[in-house]
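Participant: If you scroll down you'll find the structure; I have some questions about it.
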Amino acid sequence: MNVTLRQLEVFETVARRGSFTRAAEELHLAQPTVSVQVKQLADAVGLPLFEQLGKKIFLTDTGKELYAACRELFGVWSRFEMTLADFKGMKEGRLRLAVVTTAKYFVPRLLGPFLKRFPGIDVALEVANRDTVLERLTANEDDLYIMGMPPQHLDVEVHPFLENPLVVIAPATHSLAVQRNISLARLVQEPLILRERGSGTRMVVERHFADHGYPLHARMEFGSNEAIKQAVAGDLGITIMSRHALALEPMRGNLAVLDVEGFPIRRSWFVVYPRGKQLSVVARTFFDYLKSEGAQLLAGALGDNYQPAVSA
Ligand code: PGA
């Protein structure tokens, strides 16, 4: 079969983006060029690769098989390129990271010095909630995963590299902001704003309340820490979130960390990857960097010095 790597690359992009137009944009090609490449590939394969229903395109069964083969092929090829770069004494290539929503507050701060040190490395960073990150991990779509709650049911390597305390946050003007050692019984009387189901933070909070025998009732659920902080500042309720989500908080004067019994909930951030996965040189370099320098680099930069806006 006479197919070129370029045709496979174009096909993979169309399949991944689900659109000829978006693939053309990503590849900086004219759309007819993309269509011609895919047509030539389909001719060489001898079966259709896409079918069109209305305005949408879908992979045929042959297309799905070819897409899986492309992913494998490009994975192998990019590992080869990185190994080659390593043989030549260069650390270069792409680092694919998928991190849970809350990790977005510190991962860019870690990437800054890393990318300065290794200018040949570029990064694709996916930010999603825990459930989505686990789906990506199961499908082996990235090099490394950063999360606060590693999966129990998957065979993975798990390495802690940083503390991840969960704190209770209220509006600065809240009467509880000046109290000490607030009981959980008192806390549950407050309207709670929680992250969406599927979030790691949400799971830990649910467990914490269940372990202490208190029902958890969410007055509101948001898929974004930013929206939650705005809602707390707007006096709609209190919340529980990673202290790291308060780093560089522009609303610092509007929010207070409450002194609640059993808080902060002490946790860690973990770097995770499927057991047995052969890490690329670039991924291994970042992994070693996280483990050896991550915590030190972030010391003091993540709201660890966060003072309640109102203190007793
Ligand atoms: P989340 O995960 O952003 O999905 O809530 C954070 C965590 O597990 O600490």
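Please note that chains go A, B, ... in the order of the structure tokens, that every chain numbers its residues from 1, and that ligands are numbered from 1 in the order shown.
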So that I can check the surroundings of A:Phe209, please list as a ChimeraX atom specification every protein, DNA and RNA residue that reaches within 12 Å of it, counting only C-alpha atoms and ignoring chain neighbours fewer than 3 positions away.
Facilitator: /A:184-185,187-188,202-206,212-217,240,262-263,265
Participant: Let's have the selection written as a PDB file, in the first residue's frame, with N, CA, C and O atoms.
Facilitator:
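Result file follows (selection-v9.pdb):
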```pdb
ATOM      1  N   LEU A 184     -17.373  21.143  62.872  1.00  0.00           N
ATOM      2  CA  LEU A 184     -17.967  20.727  61.600  1.00  0.00           C
ATOM      3  C   LEU A 184     -19.494  20.860  61.682  1.00  0.00           C
ATOM      4  O   LEU A 184     -20.158  21.201  60.700  1.00  0.00           O
ATOM      5  N   ALA A 185     -20.032  20.597  62.886  1.00  0.00           N
ATOM      6  CA  ALA A 185     -21.484  20.708  63.100  1.00  0.00           C
ATOM      7  C   ALA A 185     -21.946  22.131  62.794  1.00  0.00           C
ATOM      8  O   ALA A 185     -23.002  22.333  62.193  1.00  0.00           O
ATOM      9  N   LEU A 187     -20.267  24.233  60.835  1.00  0.00           N
ATOM     10  CA  LEU A 187     -19.971  24.517  59.428  1.00  0.00           C
ATOM     11  C   LEU A 187     -21.108  24.057  58.512  1.00  0.00           C
ATOM     12  O   LEU A 187     -21.449  24.748  57.552  1.00  0.00           O
ATOM     13  N   VAL A 188     -21.678  22.872  58.813  1.00  0.00           N
ATOM     14  CA  VAL A 188     -22.703  22.342  57.893  1.00  0.00           C
ATOM     15  C   VAL A 188     -23.984  23.176  57.899  1.00  0.00           C
ATOM     16  O   VAL A 188     -24.846  22.976  57.054  1.00  0.00           O
ATOM     17  N   ARG A 202     -14.117  17.583  45.157  1.00  0.00           N
ATOM     18  CA  ARG A 202     -15.468  17.188  45.574  1.00  0.00           C
ATOM     19  C   ARG A 202     -15.439  15.817  46.262  1.00  0.00           C
ATOM     20  O   ARG A 202     -16.074  15.604  47.294  1.00  0.00           O
ATOM     21  N   MET A 203     -14.692  14.879  45.675  1.00  0.00           N
ATOM     22  CA  MET A 203     -14.652  13.532  46.254  1.00  0.00           C
ATOM     23  C   MET A 203     -14.085  13.555  47.669  1.00  0.00           C
ATOM     24  O   MET A 203     -14.589  12.889  48.571  1.00  0.00           O
ATOM     25  N   VAL A 204     -13.018  14.332  47.852  1.00  0.00           N
ATOM     26  CA  VAL A 204     -12.381  14.379  49.175  1.00  0.00           C
ATOM     27  C   VAL A 204     -13.330  15.018  50.190  1.00  0.00           C
ATOM     28  O   VAL A 204     -13.459  14.544  51.325  1.00  0.00           O
ATOM     29  N   VAL A 205     -14.009  16.083  49.773  1.00  0.00           N
ATOM     30  CA  VAL A 205     -14.933  16.761  50.687  1.00  0.00           C
ATOM     31  C   VAL A 205     -16.073  15.807  51.061  1.00  0.00           C
ATOM     32  O   VAL A 205     -16.435  15.670  52.240  1.00  0.00           O
ATOM     33  N   GLU A 206     -16.607  15.108  50.072  1.00  0.00           N
ATOM     34  CA  GLU A 206     -17.694  14.154  50.353  1.00  0.00           C
ATOM     35  C   GLU A 206     -17.244  13.109  51.368  1.00  0.00           C
ATOM     36  O   GLU A 206     -17.940  12.799  52.317  1.00  0.00           O
ATOM     37  N   HIS A 212     -17.120  11.829  59.045  1.00  0.00           N
ATOM     38  CA  HIS A 212     -17.464  12.464  60.318  1.00  0.00           C
ATOM     39  C   HIS A 212     -18.968  12.432  60.588  1.00  0.00           C
ATOM     40  O   HIS A 212     -19.449  13.065  61.535  1.00  0.00           O
ATOM     41  N   GLY A 213     -19.705  11.730  59.714  1.00  0.00           N
ATOM     42  CA  GLY A 213     -21.130  11.507  59.964  1.00  0.00           C
ATOM     43  C   GLY A 213     -22.008  12.720  59.678  1.00  0.00           C
ATOM     44  O   GLY A 213     -23.084  12.838  60.265  1.00  0.00           O
ATOM     45  N   TYR A 214     -21.555  13.608  58.776  1.00  0.00           N
ATOM     46  CA  TYR A 214     -22.386  14.771  58.437  1.00  0.00           C
ATOM     47  C   TYR A 214     -22.859  14.683  56.988  1.00  0.00           C
ATOM     48  O   TYR A 214     -22.069  14.320  56.120  1.00  0.00           O
ATOM     49  N   PRO A 215     -24.113  15.032  56.772  1.00  0.00           N
ATOM     50  CA  PRO A 215     -24.585  15.038  55.381  1.00  0.00           C
ATOM     51  C   PRO A 215     -23.967  16.219  54.643  1.00  0.00           C
ATOM     52  O   PRO A 215     -23.675  17.249  55.265  1.00  0.00           O
ATOM     53  N   LEU A 216     -23.766  16.052  53.372  1.00  0.00           N
ATOM     54  CA  LEU A 216     -23.190  17.139  52.584  1.00  0.00           C
ATOM     55  C   LEU A 216     -24.267  17.623  51.632  1.00  0.00           C
ATOM     56  O   LEU A 216     -24.745  16.876  50.785  1.00  0.00           O
ATOM     57  N   HIS A 217     -24.628  18.875  51.796  1.00  0.00           N
ATOM     58  CA  HIS A 217     -25.651  19.401  50.894  1.00  0.00           C
ATOM     59  C   HIS A 217     -25.076  20.599  50.159  1.00  0.00           C
ATOM     60  O   HIS A 217     -24.712  21.601  50.783  1.00  0.00           O
ATOM     61  N   ILE A 240     -14.918  24.699  50.109  1.00  0.00           N
ATOM     62  CA  ILE A 240     -13.695  24.015  50.523  1.00  0.00           C
ATOM     63  C   ILE A 240     -12.891  23.783  49.251  1.00  0.00           C
ATOM     64  O   ILE A 240     -13.409  23.194  48.301  1.00  0.00           O
ATOM     65  N   GLY A 262     -10.267  19.905  62.145  1.00  0.00           N
ATOM     66  CA  GLY A 262      -9.983  18.892  61.112  1.00  0.00           C
ATOM     67  C   GLY A 262      -9.467  19.493  59.813  1.00  0.00           C
ATOM     68  O   GLY A 262      -9.167  18.751  58.872  1.00  0.00           O
ATOM     69  N   PHE A 263      -9.364  20.812  59.747  1.00  0.00           N
ATOM     70  CA  PHE A 263      -8.843  21.461  58.535  1.00  0.00           C
ATOM     71  C   PHE A 263      -7.522  22.160  58.836  1.00  0.00           C
ATOM     72  O   PHE A 263      -7.320  22.589  59.951  1.00  0.00           O
ATOM     73  N   ILE A 265      -7.486  19.827  55.386  1.00  0.00           N
ATOM     74  CA  ILE A 265      -7.373  18.402  55.075  1.00  0.00           C
ATOM     75  C   ILE A 265      -6.039  18.251  54.357  1.00  0.00           C
ATOM     76  O   ILE A 265      -5.794  18.907  53.346  1.00  0.00           O
TER      77      ILE A 265
END
```
Participant: Using DSSP assignments from the backbone, pull out every residue in stretch 48-242 of chain A that falls under strand (DSSP E or B) and give it to me as a PDB file with C-alpha atoms, in the first residue's frame.
Facilitator:
```
ATOM      1  CA  PHE A  50     -15.140   8.959   6.906  1.00  0.00           C
ATOM      2  CA  GLU A  51     -18.852   9.165   6.408  1.00  0.00           C
ATOM      3  CA  GLN A  52     -20.805  12.372   6.418  1.00  0.00           C
ATOM      4  CA  LEU A  53     -24.110  12.718   8.267  1.00  0.00           C
ATOM      5  CA  LYS A  56     -20.804  16.178  10.713  1.00  0.00           C
ATOM      6  CA  ILE A  57     -18.194  13.651   9.722  1.00  0.00           C
ATOM      7  CA  PHE A  58     -17.726  10.293  11.453  1.00  0.00           C
ATOM      8  CA  LEU A  59     -15.002   7.700  11.186  1.00  0.00           C
ATOM      9  CA  GLY A  93      10.489  17.247  21.835  1.00  0.00           C
ATOM     10  CA  ARG A  94       6.983  17.637  23.143  1.00  0.00           C
ATOM     11  CA  LEU A  95       5.876  17.059  26.729  1.00  0.00           C
ATOM     12  CA  ARG A  96       2.205  16.087  26.959  1.00  0.00           C
ATOM     13  CA  LEU A  97       0.736  16.840  30.356  1.00  0.00           C
ATOM     14  CA  ALA A  98      -2.825  16.381  31.571  1.00  0.00           C
ATOM     15  CA  VAL A  99      -3.582  17.984  34.924  1.00  0.00           C
ATOM     16  CA  VAL A 100      -6.697  18.344  37.074  1.00  0.00           C
ATOM     17  CA  ILE A 121      11.095  21.192  24.835  1.00  0.00           C
ATOM     18  CA  ASP A 122       7.585  22.373  24.141  1.00  0.00           C
ATOM     19  CA  VAL A 123       4.472  21.513  26.080  1.00  0.00           C
ATOM     20  CA  ALA A 124       0.892  20.473  25.377  1.00  0.00           C
ATOM     21  CA  LEU A 125      -1.064  21.048  28.589  1.00  0.00           C
ATOM     22  CA  GLU A 126      -4.601  19.689  29.061  1.00  0.00           C
ATOM     23  CA  VAL A 127      -6.582  20.972  32.043  1.00  0.00           C
ATOM     24  CA  ALA A 128      -9.723  19.041  32.990  1.00  0.00           C
ATOM     25  CA  LEU A 144       2.305  12.392  32.608  1.00  0.00           C
ATOM     26  CA  TYR A 145      -0.759  13.204  34.717  1.00  0.00           C
ATOM     27  CA  ILE A 146      -0.970  15.451  37.766  1.00  0.00           C
ATOM     28  CA  MET A 147      -3.812  14.963  40.219  1.00  0.00           C
ATOM     29  CA  VAL A 156      -0.391   3.184  37.777  1.00  0.00           C
ATOM     30  CA  GLU A 157       2.863   4.552  39.152  1.00  0.00           C
ATOM     31  CA  VAL A 158       2.088   7.235  41.734  1.00  0.00           C
ATOM     32  CA  HIS A 159       4.622   9.719  43.112  1.00  0.00           C
ATOM     33  CA  PRO A 160       3.783  12.541  45.540  1.00  0.00           C
ATOM     34  CA  PHE A 161       5.732  15.740  44.949  1.00  0.00           C
ATOM     35  CA  LEU A 162       3.909  18.565  46.743  1.00  0.00           C
ATOM     36  CA  GLU A 163       1.469  19.196  49.595  1.00  0.00           C
ATOM     37  CA  LEU A 166      -7.788  21.798  51.443  1.00  0.00           C
ATOM     38  CA  VAL A 167      -9.097  24.788  53.366  1.00  0.00           C
ATOM     39  CA  VAL A 168     -12.508  26.286  54.152  1.00  0.00           C
ATOM     40  CA  ILE A 169     -13.090  29.664  52.549  1.00  0.00           C
ATOM     41  CA  ALA A 170     -15.735  32.239  53.446  1.00  0.00           C
ATOM     42  CA  PRO A 171     -16.382  35.883  52.621  1.00  0.00           C
ATOM     43  CA  ILE A 182     -15.173  26.117  64.400  1.00  0.00           C
ATOM     44  CA  LEU A 192     -21.951  25.173  50.740  1.00  0.00           C
ATOM     45  CA  ILE A 193     -20.722  25.838  47.237  1.00  0.00           C
ATOM     46  CA  LEU A 194     -19.011  22.776  45.847  1.00  0.00           C
ATOM     47  CA  ARG A 195     -17.128  21.661  42.781  1.00  0.00           C
ATOM     48  CA  ALA A 218     -24.424  21.567  48.042  1.00  0.00           C
ATOM     49  CA  ARG A 219     -26.323  24.781  47.660  1.00  0.00           C
ATOM     50  CA  MET A 220     -24.534  25.348  44.374  1.00  0.00           C
ATOM     51  CA  GLU A 221     -22.186  23.357  42.173  1.00  0.00           C
ATOM     52  CA  PHE A 222     -19.685  24.922  39.796  1.00  0.00           C
ATOM     53  CA  ILE A 238     -18.683  29.054  51.796  1.00  0.00           C
ATOM     54  CA  THR A 239     -16.510  26.489  50.070  1.00  0.00           C
ATOM     55  CA  ILE A 240     -13.695  24.015  50.523  1.00  0.00           C
ATOM     56  CA  MET A 241     -10.851  24.087  48.040  1.00  0.00           C
ATOM     57  CA  SER A 242      -7.146  23.636  47.639  1.00  0.00           C
TER      58      SER A 242
END
```
Participant: So what do you get for atom CA of A:Val45 versus atom CA of A:Glu141, distance-wise?
Facilitator: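 Straight-line distance from atom CA of A:Val45 to atom CA of A:Glu141 works out to 25.5 Å.
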Participant: Rank A:Gly54, A:Gly148, A:Pro191, A:Pro48 by their smallest atom-to-atom distance to A:Ala231, using only C-alpha atoms, and report the top residue only.
Facilitator: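 Between A:Gly54, A:Gly148, A:Pro191, A:Pro48, the residue approaching A:Ala231 most closely is A:Pro191.
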Participant: Give me, please, the distance in Å between atom CA of A:Lys91 and atom CA of A:Thr285, quoted to one decimal.
Facilitator: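 Separation of atom CA of A:Lys91 and atom CA of A:Thr285: 8.2 Å.
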Participant: Name the residues in contact with A:Val38 at a cut-off of 12 Å, using only C-alpha atoms, excluding same-chain residues fewer than 2 positions from it; report them as a PDB file with N, CA, C and O atoms, in the first residue's frame.
Facilitator:
```pdb
ATOM      1  N   VAL A   3       1.189   4.700   0.954  1.00  0.00           N
ATOM      2  CA  VAL A   3       0.703   5.873   1.696  1.00  0.00           C
ATOM      3  C   VAL A   3       1.899   6.640   2.259  1.00  0.00           C
ATOM      4  O   VAL A   3       2.945   6.054   2.517  1.00  0.00           O
ATOM      5  N   THR A   4       1.721   7.923   2.436  1.00  0.00           N
ATOM      6  CA  THR A   4       2.832   8.724   2.957  1.00  0.00           C
ATOM      7  C   THR A   4       2.539   9.123   4.405  1.00  0.00           C
ATOM      8  O   THR A   4       1.376   9.167   4.846  1.00  0.00           O
ATOM      9  N   LEU A   5       3.612   9.430   5.116  1.00  0.00           N
ATOM     10  CA  LEU A   5       3.458   9.887   6.511  1.00  0.00           C
ATOM     11  C   LEU A   5       2.617  11.154   6.571  1.00  0.00           C
ATOM     12  O   LEU A   5       1.829  11.353   7.484  1.00  0.00           O
ATOM     13  N   ARG A   6       2.800  12.011   5.570  1.00  0.00           N
ATOM     14  CA  ARG A   6       2.054  13.258   5.523  1.00  0.00           C
ATOM     15  C   ARG A   6       0.543  12.992   5.434  1.00  0.00           C
ATOM     16  O   ARG A   6      -0.252  13.612   6.138  1.00  0.00           O
ATOM     17  N   GLN A   7       0.159  12.025   4.579  1.00  0.00           N
ATOM     18  CA  GLN A   7      -1.267  11.691   4.464  1.00  0.00           C
ATOM     19  C   GLN A   7      -1.803  11.192   5.812  1.00  0.00           C
ATOM     20  O   GLN A   7      -2.902  11.556   6.230  1.00  0.00           O
ATOM     21  N   LEU A   8      -0.994  10.378   6.453  1.00  0.00           N
ATOM     22  CA  LEU A   8      -1.446   9.841   7.753  1.00  0.00           C
ATOM     23  C   LEU A   8      -1.578  10.968   8.777  1.00  0.00           C
ATOM     24  O   LEU A   8      -2.515  10.998   9.577  1.00  0.00           O
ATOM     25  N   GLU A   9      -0.661  11.913   8.729  1.00  0.00           N
ATOM     26  CA  GLU A   9      -0.697  13.032   9.675  1.00  0.00           C
ATOM     27  C   GLU A   9      -1.961  13.875   9.443  1.00  0.00           C
ATOM     28  O   GLU A   9      -2.652  14.264  10.390  1.00  0.00           O
ATOM     29  N   VAL A  10      -2.268  14.114   8.162  1.00  0.00           N
ATOM     30  CA  VAL A  10      -3.455  14.905   7.840  1.00  0.00           C
ATOM     31  C   VAL A  10      -4.709  14.145   8.286  1.00  0.00           C
ATOM     32  O   VAL A  10      -5.604  14.702   8.934  1.00  0.00           O
ATOM     33  N   PHE A  11      -4.751  12.853   7.975  1.00  0.00           N
ATOM     34  CA  PHE A  11      -5.909  12.043   8.372  1.00  0.00           C
ATOM     35  C   PHE A  11      -6.082  12.058   9.901  1.00  0.00           C
ATOM     36  O   PHE A  11      -7.187  12.247  10.427  1.00  0.00           O
ATOM     37  N   GLU A  12      -4.968  11.881  10.620  1.00  0.00           N
ATOM     38  CA  GLU A  12      -5.038  11.828  12.089  1.00  0.00           C
ATOM     39  C   GLU A  12      -5.604  13.137  12.644  1.00  0.00           C
ATOM     40  O   GLU A  12      -6.410  13.145  13.577  1.00  0.00           O
ATOM     41  N   THR A  13      -5.204  14.238  12.029  1.00  0.00           N
ATOM     42  CA  THR A  13      -5.671  15.548  12.520  1.00  0.00           C
ATOM     43  C   THR A  13      -7.171  15.710  12.254  1.00  0.00           C
ATOM     44  O   THR A  13      -7.915  16.165  13.117  1.00  0.00           O
ATOM     45  N   VAL A  14      -7.615  15.308  11.054  1.00  0.00           N
ATOM     46  CA  VAL A  14      -9.049  15.404  10.740  1.00  0.00           C
ATOM     47  C   VAL A  14      -9.845  14.533  11.717  1.00  0.00           C
ATOM     48  O   VAL A  14     -10.863  14.951  12.277  1.00  0.00           O
ATOM     49  N   ALA A  15      -9.358  13.312  11.951  1.00  0.00           N
ATOM     50  CA  ALA A  15     -10.086  12.382  12.829  1.00  0.00           C
ATOM     51  C   ALA A  15     -10.129  12.932  14.256  1.00  0.00           C
ATOM     52  O   ALA A  15     -11.168  12.906  14.918  1.00  0.00           O
ATOM     53  N   SER A  19     -13.135  17.381  12.009  1.00  0.00           N
ATOM     54  CA  SER A  19     -13.528  18.387  11.012  1.00  0.00           C
ATOM     55  C   SER A  19     -12.361  18.660  10.058  1.00  0.00           C
ATOM     56  O   SER A  19     -11.204  18.795  10.482  1.00  0.00           O
ATOM     57  N   PHE A  20     -12.698  18.764   8.761  1.00  0.00           N
ATOM     58  CA  PHE A  20     -11.677  19.103   7.766  1.00  0.00           C
ATOM     59  C   PHE A  20     -11.202  20.551   7.964  1.00  0.00           C
ATOM     60  O   PHE A  20     -10.026  20.850   7.828  1.00  0.00           O
ATOM     61  N   ALA A  23      -8.920  20.827  10.999  1.00  0.00           N
ATOM     62  CA  ALA A  23      -7.632  20.190  10.701  1.00  0.00           C
ATOM     63  C   ALA A  23      -6.799  21.106   9.811  1.00  0.00           C
ATOM     64  O   ALA A  23      -5.591  21.262  10.014  1.00  0.00           O
ATOM     65  N   ALA A  24      -7.452  21.720   8.809  1.00  0.00           N
ATOM     66  CA  ALA A  24      -6.720  22.625   7.905  1.00  0.00           C
ATOM     67  C   ALA A  24      -6.117  23.777   8.695  1.00  0.00           C
ATOM     68  O   ALA A  24      -4.962  24.147   8.495  1.00  0.00           O
ATOM     69  N   GLN A  31      -8.100  24.018   2.953  1.00  0.00           N
ATOM     70  CA  GLN A  31      -8.990  22.869   3.173  1.00  0.00           C
ATOM     71  C   GLN A  31      -8.997  21.879   1.994  1.00  0.00           C
ATOM     72  O   GLN A  31      -9.000  20.667   2.213  1.00  0.00           O
ATOM     73  N   PRO A  32      -8.988  22.378   0.718  1.00  0.00           N
ATOM     74  CA  PRO A  32      -8.960  21.410  -0.393  1.00  0.00           C
ATOM     75  C   PRO A  32      -7.734  20.498  -0.334  1.00  0.00           C
ATOM     76  O   PRO A  32      -7.811  19.321  -0.701  1.00  0.00           O
ATOM     77  N   THR A  33      -6.609  21.048   0.144  1.00  0.00           N
ATOM     78  CA  THR A  33      -5.392  20.219   0.254  1.00  0.00           C
ATOM     79  C   THR A  33      -5.629  19.080   1.245  1.00  0.00           C
ATOM     80  O   THR A  33      -5.254  17.927   1.008  1.00  0.00           O
ATOM     81  N   VAL A  34      -6.298  19.421   2.362  1.00  0.00           N
ATOM     82  CA  VAL A  34      -6.597  18.397   3.375  1.00  0.00           C
ATOM     83  C   VAL A  34      -7.506  17.327   2.757  1.00  0.00           C
ATOM     84  O   VAL A  34      -7.263  16.120   2.885  1.00  0.00           O
ATOM     85  N   SER A  35      -8.535  17.773   2.035  1.00  0.00           N
ATOM     86  CA  SER A  35      -9.482  16.822   1.439  1.00  0.00           C
ATOM     87  C   SER A  35      -8.775  15.905   0.440  1.00  0.00           C
ATOM     88  O   SER A  35      -9.014  14.694   0.416  1.00  0.00           O
ATOM     89  N   VAL A  36      -7.886  16.488  -0.354  1.00  0.00           N
ATOM     90  CA  VAL A  36      -7.174  15.681  -1.366  1.00  0.00           C
ATOM     91  C   VAL A  36      -6.304  14.626  -0.678  1.00  0.00           C
ATOM     92  O   VAL A  36      -6.295  13.455  -1.068  1.00  0.00           O
ATOM     93  N   GLN A  40      -6.753  10.669  -1.227  1.00  0.00           N
ATOM     94  CA  GLN A  40      -5.685   9.801  -1.742  1.00  0.00           C
ATOM     95  C   GLN A  40      -5.424   8.646  -0.779  1.00  0.00           C
ATOM     96  O   GLN A  40      -5.209   7.502  -1.194  1.00  0.00           O
ATOM     97  N   LEU A  41      -5.486   8.960   0.517  1.00  0.00           N
ATOM     98  CA  LEU A  41      -5.265   7.911   1.516  1.00  0.00           C
ATOM     99  C   LEU A  41      -6.381   6.861   1.441  1.00  0.00           C
ATOM    100  O   LEU A  41      -6.118   5.654   1.452  1.00  0.00           O
ATOM    101  N   ALA A  42      -7.629   7.337   1.338  1.00  0.00           N
ATOM    102  CA  ALA A  42      -8.768   6.408   1.266  1.00  0.00           C
ATOM    103  C   ALA A  42      -8.646   5.536   0.008  1.00  0.00           C
ATOM    104  O   ALA A  42      -8.928   4.323   0.044  1.00  0.00           O
ATOM    105  N   ASP A  43      -8.187   6.139  -1.099  1.00  0.00           N
ATOM    106  CA  ASP A  43      -8.002   5.362  -2.345  1.00  0.00           C
ATOM    107  C   ASP A  43      -6.952   4.275  -2.131  1.00  0.00           C
ATOM    108  O   ASP A  43      -7.130   3.135  -2.546  1.00  0.00           O
ATOM    109  N   ALA A  44      -5.865   4.654  -1.462  1.00  0.00           N
ATOM    110  CA  ALA A  44      -4.795   3.674  -1.239  1.00  0.00           C
ATOM    111  C   ALA A  44      -5.275   2.550  -0.319  1.00  0.00           C
ATOM    112  O   ALA A  44      -4.971   1.379  -0.528  1.00  0.00           O
ATOM    113  N   VAL A  45      -6.068   2.923   0.693  1.00  0.00           N
ATOM    114  CA  VAL A  45      -6.583   1.922   1.635  1.00  0.00           C
ATOM    115  C   VAL A  45      -7.647   1.057   0.936  1.00  0.00           C
ATOM    116  O   VAL A  45      -7.771  -0.143   1.195  1.00  0.00           O
ATOM    117  N   GLY A  46      -8.409   1.678   0.063  1.00  0.00           N
ATOM    118  CA  GLY A  46      -9.410   0.924  -0.702  1.00  0.00           C
ATOM    119  C   GLY A  46     -10.780   0.895  -0.057  1.00  0.00           C
ATOM    120  O   GLY A  46     -11.683   0.203  -0.549  1.00  0.00           O
ATOM    121  N   LEU A  47     -10.956   1.625   1.029  1.00  0.00           N
ATOM    122  CA  LEU A  47     -12.266   1.705   1.702  1.00  0.00           C
ATOM    123  C   LEU A  47     -12.447   3.127   2.222  1.00  0.00           C
ATOM    124  O   LEU A  47     -11.454   3.799   2.528  1.00  0.00           O
ATOM    125  N   PRO A  48     -13.708   3.577   2.357  1.00  0.00           N
ATOM    126  CA  PRO A  48     -13.913   4.934   2.892  1.00  0.00           C
ATOM    127  C   PRO A  48     -13.426   5.044   4.343  1.00  0.00           C
ATOM    128  O   PRO A  48     -13.526   4.082   5.113  1.00  0.00           O
ATOM    129  N   LEU A  49     -12.910   6.233   4.690  1.00  0.00           N
ATOM    130  CA  LEU A  49     -12.401   6.451   6.050  1.00  0.00           C
ATOM    131  C   LEU A  49     -13.371   7.276   6.894  1.00  0.00           C
ATOM    132  O   LEU A  49     -13.395   7.172   8.113  1.00  0.00           O
ATOM    133  N   PHE A  50     -14.141   8.125   6.214  1.00  0.00           N
ATOM    134  CA  PHE A  50     -15.140   8.959   6.906  1.00  0.00           C
ATOM    135  C   PHE A  50     -16.491   8.774   6.238  1.00  0.00           C
ATOM    136  O   PHE A  50     -16.568   8.464   5.044  1.00  0.00           O
ATOM    137  N   GLY A  63     -11.838   3.644   9.220  1.00  0.00           N
ATOM    138  CA  GLY A  63     -11.241   4.892   9.694  1.00  0.00           C
ATOM    139  C   GLY A  63     -10.810   4.772  11.149  1.00  0.00           C
ATOM    140  O   GLY A  63      -9.731   5.235  11.533  1.00  0.00           O
ATOM    141  N   LEU A  66      -7.685   2.750  11.380  1.00  0.00           N
ATOM    142  CA  LEU A  66      -6.540   3.509  10.876  1.00  0.00           C
ATOM    143  C   LEU A  66      -6.136   4.596  11.874  1.00  0.00           C
ATOM    144  O   LEU A  66      -4.946   4.853  12.092  1.00  0.00           O
TER     145      LEU A  66
END
```
Participant: Fewer than 2 positions away in the same chain doesn't count, so skip those; otherwise give me all residues within 12 Å of A:Tyr289, counting only C-alpha atoms, as a ChimeraX atom specification.
Facilitator: /A:110-111,113-115,117-118,161,271,282-287,291-297
Participant: Between A:Leu27, A:Met90, A:Val272, A:Leu298, which one has atoms that come closest to A:Met149, using only C-alpha atoms?
Facilitator: A:Val272
Participant: Give me, please, the distance in Å between atom CA of A:Lys88 and atom CA of A:Leu73, quoted to one decimal.
Facilitator: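 Atom CA of A:Leu73 lies at a distance of 22.5 Å from atom CA of A:Lys88.
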Participant: So, with only C-alpha atoms and all ligand atoms as the atoms that count, which of A:Gly75, A:Pro108, A:Pro119, A:Pro165 lies closest to ligand 1?
Facilitator: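 Among the listed residues, A:Pro165 lies closest to ligand 1.
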